[in-house]
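Reading through the structure tokens given below for one structure.
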Amino acid sequence: MFQNSSCFTPNLQPAGLYIHIPFCVKKCPYCDFYSITDGSLHPAFMNALISEMRMTRDPNLTFDTLYMGGGTPSVLDAKTIEKIIETARQSYEILSHAEITLEVNPGTVSLKQFDGYRCSGVNRLNIGVQSFDPVNLQFLGRIHSGRDAHAAVTWAQKAGFENMGLDLIYGIPNQTKKSWLMDLKLAVESEPQHLSCYILSFEPGTPLYRDRQEGRLKPLAEPQVCELFETTLEFLSHHGYVQYEISNFARARTGSSGLKGAERNRSRHNMKYWKFAPYIGLGPSAHSFLEPRRYWNCADVEKYIQDLDADKLPLAGEERLSMEQLMIEAIYLGLRQTKGILIDIFDKKFGVTFKTMFKDTIAVLESKGLIELSQNRCALTSGGMLYLDSIAALFT
Ligand code: SF4
């Protein structure tokens, strides 16, 4: 099926560095990210993280993004964040203009802390607002109020952050279009550069998943979720936000020639995942990808600390993606983005002819209005976006 093996040549794009801070004040019932609430392990974790950075230096990679996610990285004070950035700079070749993002929970910050983060070298924030509505926040088990979220956004701007993203969640049981529009309105009022709007999902293993399985809660019906998705696209486009991935929107400036500048406001780090760029993940449960190899750390802070104390990398597994697996991944990742699969790049990378190979699938999906095919792109329509997983599966 494959005429060349160009997809195994080293990927020369700048890499992304992800650091997983595995601590939260309290677990949210919908979340399946790995984290613990025992803060007593912060110092030992920091020592282990520093060892991991020193042990995984890679002179072949340069990085233009560093993303501290979690968990809740903002449970760490500015001095600790500064130490992480400083050690990362000593261990890896991080370009001077790198995007350095910190995820923030509004229930853990103050103006002084934002000032400190700014001085530590963080130049982008991602604030987990999720909702401004007290009923939704309670349902989501968040530790903050809508007022705390407002305060966090205001303080971040006061501290001089000019690149800020807000995360919102919708599709919450009993949520109305009116209440979701209010969340969107409050979010755009502060003019963040970036918005991520995620549909609430019920991930296996979470308390929310169990509540649904055992009939204690009724998810919002699919037609209503679709309506909220359409509402999101319409409202954000009207307010100058350009969708570039199913859940992600970048703010454009309005100039004489219309909307522009949205590219600059995209999350450069998250783009790495969708563009097949190399990335290294540090910290418990973090994943790394150096094509065609994917590997990941153990999801256990104590084991992570023990392994690194013993000068051992805390790896839990690895796989080498075959050409077929890489191709499936390229289709899935391409379809997530509004620009879709770039057919000439796809054909060159895999030594195939996309349009011939998937002729029948494309015809069916086009006739149902779920994808759009042009000379060089194959992209989901807005009607197809909510069915990404099942549509991508048809290409296998
Ligand atoms: S959603 Fe964020 S704050 Fe809540 S448990 Fe998950 S990582 Fe922690």
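FYI, nothing fancy with the structure tokens labels: chains A, B, ... in order, residues from 1 per chain, ligands from 1 as they appear.
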
May I ask you to write as a list in words all residues lying at most 6 Å from ligand 1, with only C-alpha atoms and all ligand atoms counted? Cys24, Lys27, Cys28, Cys31, Phe33, Gly70, Gly71 and Thr72 of chain A

Residues at most 9 Å from segment 219-233 of chain A, counting only C-alpha atoms, excluding those fewer than 6 positions away in the same chain, as number ranges by chain? A: 170-177, 180-181, 184, 197, 199, 212, 241-243, 382-383, 386

Output the selection as a PDB file, in the first residue's frame - N, CA and C atoms for each residue.
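Full text of part11.pdb as output:
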ATOM      1  N   TYR A 170     -19.737  23.164  27.968  1.00  0.00           N
ATOM      2  CA  TYR A 170     -21.183  23.258  27.763  1.00  0.00           C
ATOM      3  C   TYR A 170     -21.752  21.867  27.477  1.00  0.00           C
ATOM      4  N   GLY A 171     -23.096  21.847  27.335  1.00  0.00           N
ATOM      5  CA  GLY A 171     -23.736  20.539  27.165  1.00  0.00           C
ATOM      6  C   GLY A 171     -23.971  19.893  28.526  1.00  0.00           C
ATOM      7  N   ILE A 172     -24.098  20.752  29.550  1.00  0.00           N
ATOM      8  CA  ILE A 172     -24.305  20.279  30.930  1.00  0.00           C
ATOM      9  C   ILE A 172     -25.798  19.922  31.088  1.00  0.00           C
ATOM     10  N   PRO A 173     -26.120  18.849  31.824  1.00  0.00           N
ATOM     11  CA  PRO A 173     -27.533  18.496  31.982  1.00  0.00           C
ATOM     12  C   PRO A 173     -28.385  19.710  32.388  1.00  0.00           C
ATOM     13  N   ASN A 174     -29.505  19.844  31.747  1.00  0.00           N
ATOM     14  CA  ASN A 174     -30.477  20.937  31.983  1.00  0.00           C
ATOM     15  C   ASN A 174     -30.012  22.308  31.501  1.00  0.00           C
ATOM     16  N   GLN A 175     -28.843  22.402  30.875  1.00  0.00           N
ATOM     17  CA  GLN A 175     -28.379  23.708  30.421  1.00  0.00           C
ATOM     18  C   GLN A 175     -29.258  24.193  29.261  1.00  0.00           C
ATOM     19  N   THR A 176     -29.591  25.469  29.301  1.00  0.00           N
ATOM     20  CA  THR A 176     -30.404  26.035  28.218  1.00  0.00           C
ATOM     21  C   THR A 176     -29.511  26.847  27.287  1.00  0.00           C
ATOM     22  N   LYS A 177     -30.057  27.135  26.108  1.00  0.00           N
ATOM     23  CA  LYS A 177     -29.322  27.972  25.153  1.00  0.00           C
ATOM     24  C   LYS A 177     -29.068  29.349  25.782  1.00  0.00           C
ATOM     25  N   TRP A 180     -26.153  29.170  28.190  1.00  0.00           N
ATOM     26  CA  TRP A 180     -24.862  29.023  27.501  1.00  0.00           C
ATOM     27  C   TRP A 180     -24.469  30.339  26.823  1.00  0.00           C
ATOM     28  N   LEU A 181     -25.463  31.018  26.250  1.00  0.00           N
ATOM     29  CA  LEU A 181     -25.153  32.309  25.618  1.00  0.00           C
ATOM     30  C   LEU A 181     -24.631  33.308  26.643  1.00  0.00           C
ATOM     31  N   LEU A 184     -21.008  32.543  27.196  1.00  0.00           N
ATOM     32  CA  LEU A 184     -20.205  33.016  26.060  1.00  0.00           C
ATOM     33  C   LEU A 184     -20.059  34.537  26.102  1.00  0.00           C
ATOM     34  N   CYS A 197     -13.992  25.773  23.850  1.00  0.00           N
ATOM     35  CA  CYS A 197     -15.347  25.449  24.311  1.00  0.00           C
ATOM     36  C   CYS A 197     -15.555  23.953  24.138  1.00  0.00           C
ATOM     37  N   ILE A 199     -17.470  20.279  24.861  1.00  0.00           N
ATOM     38  CA  ILE A 199     -18.740  19.647  25.220  1.00  0.00           C
ATOM     39  C   ILE A 199     -18.458  18.691  26.383  1.00  0.00           C
ATOM     40  N   ARG A 212     -24.121   8.659  35.457  1.00  0.00           N
ATOM     41  CA  ARG A 212     -24.933   8.475  34.250  1.00  0.00           C
ATOM     42  C   ARG A 212     -25.316   6.991  34.087  1.00  0.00           C
ATOM     43  N   TYR A 241     -14.204  35.689  16.686  1.00  0.00           N
ATOM     44  CA  TYR A 241     -13.356  34.526  17.002  1.00  0.00           C
ATOM     45  C   TYR A 241     -13.412  33.542  15.831  1.00  0.00           C
ATOM     46  N   VAL A 242     -12.243  33.117  15.386  1.00  0.00           N
ATOM     47  CA  VAL A 242     -12.167  32.227  14.232  1.00  0.00           C
ATOM     48  C   VAL A 242     -11.933  30.800  14.723  1.00  0.00           C
ATOM     49  N   GLN A 243     -12.828  29.903  14.335  1.00  0.00           N
ATOM     50  CA  GLN A 243     -12.670  28.498  14.736  1.00  0.00           C
ATOM     51  C   GLN A 243     -11.525  27.890  13.916  1.00  0.00           C
ATOM     52  N   SER A 382     -19.579  21.942   9.446  1.00  0.00           N
ATOM     53  CA  SER A 382     -19.916  22.145  10.863  1.00  0.00           C
ATOM     54  C   SER A 382     -20.882  21.046  11.317  1.00  0.00           C
ATOM     55  N   GLY A 383     -21.721  20.546  10.402  1.00  0.00           N
ATOM     56  CA  GLY A 383     -22.627  19.446  10.752  1.00  0.00           C
ATOM     57  C   GLY A 383     -21.881  18.145  11.008  1.00  0.00           C
ATOM     58  N   LEU A 386     -19.473  17.274  14.945  1.00  0.00           N
ATOM     59  CA  LEU A 386     -19.870  16.592  16.183  1.00  0.00           C
ATOM     60  C   LEU A 386     -19.735  15.076  16.062  1.00  0.00           C
TER      61      LEU A 386
END

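Shell of segment 123-139 of chain A at 8 Å, with only C-alpha atoms counted and residues fewer than 6 places along the chain excluded, is Glu99, Ile100, Thr101, Leu102, Glu103, Val104, Asn105, Pro106, Ser145, Gly146, Arg147, Ala149, Ala152, Val153, Phe161, Glu162, Asn163, Met164, Gly165, Leu166, Asp167, Leu168, Ile169, Ile172, Ser179, Asp183 and Leu186 of chain A.
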
Would you write out those residues with N, CA and C atoms, as a compact mmCIF listing (two decimals), in the first residue's frame?
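Result file follows (part_4.txt):
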# COMPACT_ATOMS: atom_id res chain seq x y z
N GLU A 99 6.53 30.13 23.17
CA GLU A 99 5.25 30.35 23.88
C GLU A 99 5.33 29.55 25.17
N ILE A 100 5.18 30.22 26.31
CA ILE A 100 5.28 29.52 27.60
C ILE A 100 3.94 29.68 28.33
N THR A 101 3.19 28.59 28.36
CA THR A 101 1.81 28.65 28.88
C THR A 101 1.70 28.01 30.25
N LEU A 102 0.88 28.63 31.08
CA LEU A 102 0.56 28.05 32.40
C LEU A 102 -0.95 27.90 32.49
N GLU A 103 -1.40 26.70 32.87
CA GLU A 103 -2.83 26.50 33.11
C GLU A 103 -3.15 27.00 34.52
N VAL A 104 -4.27 27.70 34.62
CA VAL A 104 -4.62 28.33 35.89
C VAL A 104 -6.04 27.95 36.29
N ASN A 105 -6.20 27.60 37.56
CA ASN A 105 -7.55 27.40 38.10
C ASN A 105 -7.90 28.68 38.87
N PRO A 106 -9.03 29.33 38.54
CA PRO A 106 -9.35 30.61 39.17
C PRO A 106 -9.44 30.53 40.70
N SER A 145 -15.94 30.33 42.15
CA SER A 145 -17.22 30.90 41.72
C SER A 145 -17.02 31.65 40.40
N GLY A 146 -18.13 32.10 39.81
CA GLY A 146 -18.06 32.92 38.61
C GLY A 146 -17.30 34.22 38.91
N ARG A 147 -17.51 34.73 40.12
CA ARG A 147 -16.83 35.97 40.52
C ARG A 147 -15.32 35.75 40.59
N ALA A 149 -13.69 33.67 38.80
CA ALA A 149 -13.21 33.57 37.41
C ALA A 149 -13.02 34.97 36.82
N ALA A 152 -9.93 36.47 38.31
CA ALA A 152 -8.69 35.89 37.75
C ALA A 152 -8.37 36.52 36.40
N VAL A 153 -9.40 36.67 35.56
CA VAL A 153 -9.18 37.25 34.23
C VAL A 153 -8.71 38.70 34.36
N PHE A 161 -0.58 40.20 31.16
CA PHE A 161 -0.66 39.08 30.21
C PHE A 161 -1.46 39.51 28.99
N GLU A 162 -0.85 39.39 27.84
CA GLU A 162 -1.53 39.81 26.60
C GLU A 162 -1.91 38.62 25.75
N ASN A 163 -1.69 37.44 26.27
CA ASN A 163 -2.05 36.23 25.53
C ASN A 163 -2.72 35.28 26.52
N MET A 164 -4.05 35.24 26.43
CA MET A 164 -4.80 34.51 27.46
C MET A 164 -5.91 33.70 26.79
N GLY A 165 -6.05 32.46 27.21
CA GLY A 165 -7.14 31.62 26.72
C GLY A 165 -8.06 31.27 27.88
N LEU A 166 -9.35 31.16 27.61
CA LEU A 166 -10.30 30.71 28.63
C LEU A 166 -10.91 29.39 28.17
N ASP A 167 -11.06 28.46 29.12
CA ASP A 167 -11.73 27.19 28.83
C ASP A 167 -13.17 27.27 29.34
N LEU A 168 -14.11 26.82 28.52
CA LEU A 168 -15.51 26.74 28.93
C LEU A 168 -16.03 25.34 28.63
N ILE A 169 -17.03 24.92 29.41
CA ILE A 169 -17.67 23.62 29.17
C ILE A 169 -19.17 23.85 28.95
N ILE A 172 -24.10 20.75 29.55
CA ILE A 172 -24.30 20.28 30.93
C ILE A 172 -25.80 19.92 31.09
N SER A 179 -28.68 30.12 28.93
CA SER A 179 -27.61 30.12 29.94
C SER A 179 -26.23 29.98 29.27
N ASP A 183 -22.85 32.55 29.31
CA ASP A 183 -21.44 32.20 29.56
C ASP A 183 -20.55 32.73 28.43
N LEU A 186 -20.22 36.55 28.71
CA LEU A 186 -19.31 36.97 29.79
C LEU A 186 -17.86 36.66 29.42

Taking only residues of segment 45-67 of chain A that have an atom at most 12 Å from an atom of segment 263-274 of chain A, what is each one's shortest atom pair and its distance in Å to one decimal, using only C-alpha atoms, in chain and number order, as CSV?
residue,atom,partner,partner_atom,distance
A:Phe63,CA,A:His269,CA,10.0
A:Asp64,CA,A:His269,CA,8.2
A:Thr65,CA,A:His269,CA,5.5
A:Leu66,CA,A:His269,CA,7.2
A:Tyr67,CA,A:His269,CA,6.8

Shell around Pro207 of chain A at 12 Å using only C-alpha atoms, local window under 4 positions removed, as an mmCIF file with N, CA and C atoms, in the first residue's frame:
data_model
loop_
_atom_site.group_PDB
_atom_site.id
_atom_site.type_symbol
_atom_site.label_atom_id
_atom_site.label_comp_id
_atom_site.auth_asym_id
_atom_site.auth_seq_id
_atom_site.Cartn_x
_atom_site.Cartn_y
_atom_site.Cartn_z
ATOM 1 N N LYS A 27 -10.682 16.989 43.284
ATOM 2 C CA LYS A 27 -10.949 16.364 41.986
ATOM 3 C C LYS A 27 -12.337 16.784 41.478
ATOM 4 N N CYS A 28 -12.401 17.170 40.226
ATOM 5 C CA CYS A 28 -13.701 17.494 39.622
ATOM 6 C C CYS A 28 -14.307 16.180 39.101
ATOM 7 N N PRO A 29 -15.610 15.982 39.283
ATOM 8 C CA PRO A 29 -16.201 14.666 38.983
ATOM 9 C C PRO A 29 -16.200 14.260 37.503
ATOM 10 N N TYR A 30 -15.943 15.207 36.601
ATOM 11 C CA TYR A 30 -15.969 14.876 35.166
ATOM 12 C C TYR A 30 -14.578 14.603 34.614
ATOM 13 N N CYS A 31 -13.538 14.818 35.428
ATOM 14 C CA CYS A 31 -12.179 14.874 34.898
ATOM 15 C C CYS A 31 -11.477 13.521 34.945
ATOM 16 N N ASP A 32 -10.853 13.142 33.823
ATOM 17 C CA ASP A 32 -10.102 11.884 33.837
ATOM 18 C C ASP A 32 -8.594 12.114 33.683
ATOM 19 N N PHE A 139 -22.374 21.822 39.664
ATOM 20 C CA PHE A 139 -22.497 20.520 38.997
ATOM 21 C C PHE A 139 -21.118 19.984 38.612
ATOM 22 N N LEU A 140 -20.256 20.888 38.142
ATOM 23 C CA LEU A 140 -18.920 20.474 37.683
ATOM 24 C C LEU A 140 -17.946 20.266 38.844
ATOM 25 N N GLY A 141 -18.398 20.594 40.058
ATOM 26 C CA GLY A 141 -17.561 20.380 41.247
ATOM 27 C C GLY A 141 -16.343 21.288 41.277
ATOM 28 N N SER A 201 -18.037 15.695 28.498
ATOM 29 C CA SER A 201 -18.015 14.282 28.113
ATOM 30 C C SER A 201 -18.016 13.420 29.377
ATOM 31 N N PHE A 202 -18.487 12.217 29.217
ATOM 32 C CA PHE A 202 -18.610 11.294 30.347
ATOM 33 C C PHE A 202 -17.522 10.245 30.178
ATOM 34 N N GLU A 203 -16.383 10.479 30.816
ATOM 35 C CA GLU A 203 -15.227 9.607 30.607
ATOM 36 C C GLU A 203 -15.271 8.421 31.558
ATOM 37 N N ASP A 211 -22.449 8.143 37.590
ATOM 38 C CA ASP A 211 -23.783 8.718 37.842
ATOM 39 C C ASP A 211 -24.688 8.523 36.633
ATOM 40 N N ARG A 212 -24.121 8.659 35.457
ATOM 41 C CA ARG A 212 -24.933 8.475 34.250
ATOM 42 C C ARG A 212 -25.316 6.991 34.087
ATOM 43 N N GLN A 213 -24.307 6.119 34.278
ATOM 44 C CA GLN A 213 -24.572 4.677 34.115
ATOM 45 C C GLN A 213 -25.642 4.203 35.090
ATOM 46 N N GLU A 214 -25.611 4.769 36.302
ATOM 47 C CA GLU A 214 -26.540 4.282 37.331
ATOM 48 C C GLU A 214 -27.826 5.099 37.378
ATOM 49 N N ARG A 216 -28.395 8.296 37.780
ATOM 50 C CA ARG A 216 -28.560 9.423 38.693
ATOM 51 C C ARG A 216 -28.557 10.756 37.952
ATOM 52 N N LEU A 217 -28.100 10.742 36.717
ATOM 53 C CA LEU A 217 -28.205 11.982 35.934
ATOM 54 C C LEU A 217 -28.505 11.674 34.485
#

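Here atom CA of Glu245 of chain A and atom CA of Asp148 of chain A stand 28.1 Å from one another.
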
Residue nearest Tyr304 of chain A - candidates A:Gly240, A:Pro278, A:Pro14, A:Pro22, atoms counted: only C-alpha atoms: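 So, comparing all the options, the nearest one is A:Pro22.
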
Which one is closest to Ile371 of chain A: A:Leu236, A:Met385, A:Ile345, A:Leu195? Count only C-alpha atoms. A:Met385

Using the chain letters and numbers from this document, which residues of segment 35-107 of chain A does DSSP assign to strand (DSSP E), as a PyMOL selection string? chain A and resi 62-70+93-104

Output of the above residues as a PDB file, in the first residue's frame, restricted to N, CA and C atoms:
ATOM      1  N   THR A  62      14.795  21.316  19.084  1.00  0.00           N
ATOM      2  CA  THR A  62      14.626  22.674  19.616  1.00  0.00           C
ATOM      3  C   THR A  62      13.140  22.838  19.892  1.00  0.00           C
ATOM      4  N   PHE A  63      12.831  23.615  20.901  1.00  0.00           N
ATOM      5  CA  PHE A  63      11.438  23.752  21.346  1.00  0.00           C
ATOM      6  C   PHE A  63      10.981  25.196  21.184  1.00  0.00           C
ATOM      7  N   ASP A  64       9.770  25.375  20.654  1.00  0.00           N
ATOM      8  CA  ASP A  64       9.241  26.738  20.630  1.00  0.00           C
ATOM      9  C   ASP A  64       7.946  26.857  21.442  1.00  0.00           C
ATOM     10  N   THR A  65       7.631  25.794  22.203  1.00  0.00           N
ATOM     11  CA  THR A  65       6.527  25.919  23.173  1.00  0.00           C
ATOM     12  C   THR A  65       6.871  25.135  24.437  1.00  0.00           C
ATOM     13  N   LEU A  66       6.402  25.677  25.549  1.00  0.00           N
ATOM     14  CA  LEU A  66       6.494  24.959  26.827  1.00  0.00           C
ATOM     15  C   LEU A  66       5.123  25.135  27.468  1.00  0.00           C
ATOM     16  N   TYR A  67       4.491  24.040  27.802  1.00  0.00           N
ATOM     17  CA  TYR A  67       3.117  24.111  28.329  1.00  0.00           C
ATOM     18  C   TYR A  67       3.070  23.414  29.678  1.00  0.00           C
ATOM     19  N   MET A  68       2.725  24.160  30.721  1.00  0.00           N
ATOM     20  CA  MET A  68       2.582  23.544  32.042  1.00  0.00           C
ATOM     21  C   MET A  68       1.096  23.311  32.290  1.00  0.00           C
ATOM     22  N   GLY A  69       0.703  22.037  32.232  1.00  0.00           N
ATOM     23  CA  GLY A  69      -0.710  21.691  32.377  1.00  0.00           C
ATOM     24  C   GLY A  69      -0.893  20.710  33.519  1.00  0.00           C
ATOM     25  N   GLY A  70      -2.099  20.206  33.639  1.00  0.00           N
ATOM     26  CA  GLY A  70      -2.270  19.298  34.770  1.00  0.00           C
ATOM     27  C   GLY A  70      -3.569  18.547  34.712  1.00  0.00           C
ATOM     28  N   GLU A  93      16.964  22.999  24.432  1.00  0.00           N
ATOM     29  CA  GLU A  93      17.139  24.211  23.642  1.00  0.00           C
ATOM     30  C   GLU A  93      15.772  24.842  23.397  1.00  0.00           C
ATOM     31  N   ILE A  94      15.410  25.789  24.243  1.00  0.00           N
ATOM     32  CA  ILE A  94      14.108  26.455  24.113  1.00  0.00           C
ATOM     33  C   ILE A  94      14.335  27.811  23.445  1.00  0.00           C
ATOM     34  N   LEU A  95      13.670  28.033  22.334  1.00  0.00           N
ATOM     35  CA  LEU A  95      13.917  29.240  21.544  1.00  0.00           C
ATOM     36  C   LEU A  95      13.477  30.483  22.332  1.00  0.00           C
ATOM     37  N   SER A  96      14.141  31.608  22.051  1.00  0.00           N
ATOM     38  CA  SER A  96      13.897  32.796  22.869  1.00  0.00           C
ATOM     39  C   SER A  96      12.456  33.299  22.745  1.00  0.00           C
ATOM     40  N   HIS A  97      11.819  33.065  21.578  1.00  0.00           N
ATOM     41  CA  HIS A  97      10.447  33.571  21.406  1.00  0.00           C
ATOM     42  C   HIS A  97       9.402  32.500  21.778  1.00  0.00           C
ATOM     43  N   ALA A  98       9.803  31.486  22.521  1.00  0.00           N
ATOM     44  CA  ALA A  98       8.896  30.361  22.806  1.00  0.00           C
ATOM     45  C   ALA A  98       7.619  30.825  23.505  1.00  0.00           C
ATOM     46  N   GLU A  99       6.533  30.135  23.173  1.00  0.00           N
ATOM     47  CA  GLU A  99       5.254  30.349  23.877  1.00  0.00           C
ATOM     48  C   GLU A  99       5.333  29.551  25.173  1.00  0.00           C
ATOM     49  N   ILE A 100       5.183  30.222  26.309  1.00  0.00           N
ATOM     50  CA  ILE A 100       5.279  29.521  27.603  1.00  0.00           C
ATOM     51  C   ILE A 100       3.940  29.684  28.331  1.00  0.00           C
ATOM     52  N   THR A 101       3.189  28.589  28.363  1.00  0.00           N
ATOM     53  CA  THR A 101       1.805  28.652  28.878  1.00  0.00           C
ATOM     54  C   THR A 101       1.695  28.012  30.254  1.00  0.00           C
ATOM     55  N   LEU A 102       0.878  28.629  31.084  1.00  0.00           N
ATOM     56  CA  LEU A 102       0.564  28.052  32.395  1.00  0.00           C
ATOM     57  C   LEU A 102      -0.954  27.896  32.492  1.00  0.00           C
ATOM     58  N   GLU A 103      -1.396  26.696  32.866  1.00  0.00           N
ATOM     59  CA  GLU A 103      -2.831  26.502  33.109  1.00  0.00           C
ATOM     60  C   GLU A 103      -3.147  26.999  34.519  1.00  0.00           C
ATOM     61  N   VAL A 104      -4.274  27.697  34.620  1.00  0.00           N
ATOM     62  CA  VAL A 104      -4.619  28.330  35.893  1.00  0.00           C
ATOM     63  C   VAL A 104      -6.041  27.950  36.294  1.00  0.00           C
TER      64      VAL A 104
END

Contacts of Thr338 of chain A at 9 Å (only C-alpha atoms; same-chain gap of 2+ positions) as a compact mmCIF listing (two decimals) with C-alpha atoms, in the first residue's frame:
# COMPACT_ATOMS: atom_id res chain seq x y z
CA GLN A 243 -12.67 28.50 14.74
CA TYR A 244 -9.53 26.53 13.82
CA GLU A 245 -10.28 23.24 15.55
CA ILE A 246 -13.55 21.65 16.67
CA GLY A 334 -6.59 16.53 10.06
CA LEU A 335 -10.37 16.28 10.39
CA ARG A 336 -10.26 17.95 13.82
CA GLY A 340 -8.97 19.66 7.21
CA ILE A 341 -6.60 17.10 5.73
CA ALA A 379 -12.59 18.91 5.91
CA LEU A 380 -15.60 18.29 8.11
CA THR A 381 -18.57 20.59 7.67
CA SER A 382 -19.92 22.14 10.86

Pairwise distance for atom CA of Ala393 of chain A and atom CA of Tyr198 of chain A, rounded to one decimal in Å: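 Distance reported for this atom pair: 21.3 Å.
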
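The closest residue to Ala363 of chain A, picked from A:Gly351, A:Lys185, A:Asp58, A:Phe395 and counting only C-alpha atoms, is A:Phe395.
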